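Visitor: A single structure is presented below for examination.
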Amino acid sequence: MSLPENFNSWEHLQKTYMLEYNRRVDKFFSDIQGNGDLSSVRSSLKLACRLVDGDNEATWDLRTSLFFDVIGYSRKNLSIFYGSTTDTSTDVSAHPKLCLYFSQDAQAVPADGKRIDHEKTCRLTKFASKAGQALPAITKANLIELANEVKAQFVNANKGTIYTCGKVLVSYTDPINGFPKGNYWLVNSKSEGIELYQKLCNVIDSPFDINKLNVSTPEKDSTTNQNTGNDTILGKQYKRRAYRPVANLRFRYAYVSFGNTAPPIFLIDTTYRNTALIT
């Protein structure tokens, strides 16, 4: 089909970019109704990020820079890594590894603090990572089923559920069913740790056994980013790491890792930063 005589490629590019860009902004701020307003920090950010007809070049640049660079949408899947991936990467050649990521809401992070985040993992011992092994190799259908289970347990009304982390260490050891020695969750209460492990067992269709649970409650109190004090290194001050701080962490996304053999497969991502199997 030929283009119309009055076709303007620049206007077409602008309209296409605006449509696709605003779609990503709307997904990122899916918890905000409409195009944003000044009633909260996040709704104000959405209003500031969305492109509108009539924006001049400077406004266009500021809006896109705010979204991609300041908020960090363009930095998905990036991390600072120190060392060799060959030396430190966990071998998951026998079974795929399910990873669930949780973090604080942006508005809950103190101005001078760091966002608290946790990642919890377990092995999918019913499947092999690759073909040619004794167990059946995991398939896309298996992954979609797993994604729907994660959504049922850790997503409510398109938003990740919240748990409270703290100083209580709840560990669960069941290597045969996907929980090797050393698997633990930092929570604010024993009951919350039990509930989280029950949910994770439901996701991978593994029986939960309370007798395989161990709870450790240290005498030392939790600290926060505000009262840790500072260390001086090479003449520069750095805030000390908080000891098992109490904070509300929201589920963000889940993915399956195959080690260094293949890239991870995202099952579900409530941040919309990664292409996932389900939404």
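Convention: chains lettered A, B, ... in structure tokens order; per-chain residue numbering from 1; ligands numbered from 1 as shown.
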Determine which residues of stretch 94-229 of chain A DSSP labels as strand (DSSP E or B) from the backbone of this structure, then write them out as a ChimeraX atom specification.

Guide: /A:97-103,117-123,128,137,155-156,159-160,162-165,168-172,174,179,184-187,213-216

Visitor: Write the selection just made, keeping N, CA and C atoms, as a compact mmCIF listing (two decimals), in the first residue's frame?

Guide:
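Below you can see part32.txt, which holds the result:
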```txt
# COMPACT_ATOMS: atom_id res chain seq x y z
N LYS A 97 15.72 -22.79 38.55
CA LYS A 97 15.56 -22.09 39.83
C LYS A 97 14.49 -21.01 39.70
N LEU A 98 13.49 -21.04 40.56
CA LEU A 98 12.45 -20.02 40.59
C LEU A 98 12.89 -18.90 41.53
N CYS A 99 12.82 -17.66 41.04
CA CYS A 99 13.26 -16.50 41.82
C CYS A 99 12.11 -15.50 41.93
N LEU A 100 11.85 -15.05 43.15
CA LEU A 100 10.82 -14.04 43.41
C LEU A 100 11.49 -12.81 44.01
N TYR A 101 11.20 -11.65 43.44
CA TYR A 101 11.84 -10.40 43.88
C TYR A 101 10.82 -9.49 44.56
N PHE A 102 11.23 -8.92 45.71
CA PHE A 102 10.39 -8.03 46.50
C PHE A 102 11.18 -6.75 46.81
N SER A 103 10.50 -5.62 46.88
CA SER A 103 11.18 -4.38 47.25
C SER A 103 10.20 -3.38 47.86
N ASP A 117 15.40 -4.45 49.49
CA ASP A 117 14.82 -5.46 48.61
C ASP A 117 15.33 -6.84 49.00
N HIS A 118 14.55 -7.85 48.72
CA HIS A 118 14.90 -9.24 48.99
C HIS A 118 14.54 -10.08 47.77
N GLU A 119 15.32 -11.11 47.53
CA GLU A 119 14.97 -12.09 46.50
C GLU A 119 14.97 -13.48 47.11
N LYS A 120 13.92 -14.22 46.89
CA LYS A 120 13.77 -15.56 47.44
C LYS A 120 13.73 -16.58 46.31
N THR A 121 14.37 -17.73 46.54
CA THR A 121 14.49 -18.72 45.47
C THR A 121 14.14 -20.12 45.98
N CYS A 122 13.82 -20.99 45.04
CA CYS A 122 13.69 -22.42 45.30
C CYS A 122 13.93 -23.14 43.99
N ARG A 123 14.21 -24.44 44.06
CA ARG A 123 14.47 -25.24 42.86
C ARG A 123 13.21 -25.95 42.40
N ALA A 128 13.80 -30.93 34.77
CA ALA A 128 15.20 -30.75 34.43
C ALA A 128 15.36 -29.45 33.65
N ALA A 137 12.22 -32.34 30.77
CA ALA A 137 12.68 -30.96 30.65
C ALA A 137 11.48 -30.01 30.79
N VAL A 155 -0.05 -11.86 43.84
CA VAL A 155 -0.59 -10.67 43.18
C VAL A 155 -2.06 -10.54 43.51
N ASN A 156 -2.47 -9.32 43.81
CA ASN A 156 -3.87 -9.05 44.12
C ASN A 156 -4.26 -7.74 43.45
N LYS A 159 -1.59 -5.80 41.64
CA LYS A 159 -0.48 -5.26 42.43
C LYS A 159 0.10 -6.38 43.28
N GLY A 160 1.42 -6.36 43.45
CA GLY A 160 2.07 -7.37 44.26
C GLY A 160 1.65 -7.28 45.71
N ILE A 162 2.13 -7.64 49.85
CA ILE A 162 3.16 -7.07 50.73
C ILE A 162 3.40 -7.99 51.91
N TYR A 163 4.66 -8.13 52.29
CA TYR A 163 4.99 -8.75 53.57
C TYR A 163 5.96 -7.84 54.30
N THR A 164 6.09 -8.02 55.61
CA THR A 164 6.97 -7.19 56.42
C THR A 164 8.24 -7.94 56.78
N CYS A 165 9.36 -7.42 56.31
CA CYS A 165 10.64 -8.03 56.66
C CYS A 165 11.09 -7.51 58.03
N VAL A 168 13.47 -11.57 62.35
CA VAL A 168 13.17 -12.98 62.57
C VAL A 168 13.58 -13.78 61.33
N LEU A 169 14.45 -14.77 61.54
CA LEU A 169 14.90 -15.62 60.43
C LEU A 169 14.13 -16.93 60.46
N VAL A 170 13.36 -17.16 59.41
CA VAL A 170 12.60 -18.41 59.28
C VAL A 170 13.20 -19.20 58.13
N SER A 171 13.77 -20.35 58.44
CA SER A 171 14.39 -21.19 57.41
C SER A 171 13.53 -22.43 57.17
N TYR A 172 13.65 -22.95 55.97
CA TYR A 172 12.87 -24.13 55.58
C TYR A 172 13.78 -25.03 54.75
N ASP A 174 14.11 -28.58 52.75
CA ASP A 174 13.47 -29.74 52.12
C ASP A 174 14.09 -29.91 50.73
N PHE A 179 13.92 -26.99 48.36
CA PHE A 179 14.42 -26.04 49.35
C PHE A 179 15.71 -26.57 49.98
N TYR A 184 16.14 -19.35 53.52
CA TYR A 184 15.51 -18.65 54.65
C TYR A 184 14.79 -17.39 54.19
N TRP A 185 13.94 -16.89 55.07
CA TRP A 185 13.18 -15.66 54.83
C TRP A 185 13.31 -14.79 56.07
N LEU A 186 13.68 -13.52 55.92
CA LEU A 186 13.71 -12.57 57.03
C LEU A 186 12.34 -11.90 57.11
N VAL A 187 11.68 -12.09 58.23
CA VAL A 187 10.32 -11.57 58.41
C VAL A 187 10.21 -10.88 59.76
N LEU A 213 10.56 -26.57 59.33
CA LEU A 213 10.73 -25.13 59.53
C LEU A 213 11.55 -24.88 60.79
N ASN A 214 12.41 -23.88 60.73
CA ASN A 214 13.20 -23.49 61.90
C ASN A 214 13.13 -21.97 62.05
N VAL A 215 12.95 -21.50 63.29
CA VAL A 215 12.79 -20.07 63.54
C VAL A 215 13.89 -19.59 64.48
N SER A 216 14.55 -18.51 64.08
CA SER A 216 15.60 -17.90 64.90
C SER A 216 15.28 -16.43 65.13
```

Visitor: As a PyMOL selection string, please: the residues near A:Gln107 (cut-off 12 Å, only C-alpha atoms, same-chain neighbours under 5 positions excluded).

Guide: chain A and resi 40-43+45+113-115+248

Visitor: Would you mind exporting the chosen residues as a compact mmCIF listing (two decimals), in the first residue's frame, restricted to C-alpha atoms?

Guide:
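Generated file (result_15.txt):
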```
# COMPACT_ATOMS: atom_id res chain seq x y z
CA SER A 40 0.23 12.01 45.52
CA VAL A 41 3.89 11.67 44.59
CA ARG A 42 3.29 8.83 42.10
CA SER A 43 0.29 10.44 40.44
CA LEU A 45 5.16 11.76 38.56
CA GLY A 113 18.07 5.89 52.72
CA LYS A 114 18.41 2.97 50.34
CA ARG A 115 15.54 0.89 49.02
CA ASN A 248 7.10 -3.45 53.97
```

Visitor: So, counting only C-alpha atoms, which residue among A:Ile176, A:Gly166, A:Phe28, A:Asp53 is closest to A:Arg252?

Guide: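 Using only C-alpha atoms, the shortest distance to A:Arg252 belongs to A:Phe28.
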
Visitor: Counting only C-alpha atoms, which of A:Gln198, A:Gln237, A:Thr223, A:Ser257 gets nearest to A:Phe154?

Guide: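 Among A:Gln198, A:Gln237, A:Thr223, A:Ser257, it is A:Gln198 that comes nearest to A:Phe154.
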
Visitor: Please, which residues of stretch 6-52 of chain A, numbered as in this document, come out alpha helix (DSSP H) from DSSP, as a ChimeraX atom specification?

Guide: /A:9-28,41-49

Visitor: Separation of atom CA of A:Pro207 and atom CA of A:Ile265, in Å?

Guide: 24.8 Å

Visitor: For A:Trp60, please output as a PyMOL selection string all residues within 12 Å (counting only C-alpha atoms; exclusion window: fewer than 4 positions along the same chain).

Guide: chain A and resi 14+17-18+21-22+48-56+64-67

Visitor: Take atom CA of A:Glu195 and atom CA of A:Pro264 and report the distance between them in Å, one decimal.

Guide: 26.7 Å

Visitor: For A:Ile204, list every protein, DNA or RNA residue within 8 Å, evaluated using only C-alpha atoms, and leave out those in the same chain fewer than 3 positions away; present the list as a list in words.

Guide: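 Contacts, in chain order: Leu124, Leu146, Glu149, Leu200 and Cys201 of chain A.
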
Visitor: Which is closest to A:Gln153 among A:Tyr238, A:Lys220, A:Phe251, A:Ile116, if we use only C-alpha atoms?

Guide: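 Of the candidates, the smallest distance to A:Gln153 is held by A:Phe251.
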
Visitor: What is the atom CA of A:Gln104-atom CA of A:Arg250 distance in Å, reported with one decimal?

Guide: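 Separation of atom CA of A:Gln104 and atom CA of A:Arg250: 6.0 Å.
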
Visitor: Residues within 12 Å of A:Ala94, please, as a list in words. Count only C-alpha atoms; anything in the same chain fewer than 3 positions from it doesn't count.

Guide: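 Here the answer would be Thr90, Asp91, Lys97, Arg123, Leu124, Thr125, Lys126, Phe127, Ala128, Ser129, Lys130, Ala131, Gly132, Gln133, Ala134, Leu135, Pro136, Ala137, Ile138, Gly178, Ser257, Phe258, Gly259 and Thr261 of chain A.
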
Visitor: Between A:Val70, A:Leu3, A:Val203, A:Ala262, which has the minimum distance to A:Val150 (counting only C-alpha atoms)?

Guide: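 Closest candidate: A:Val203.
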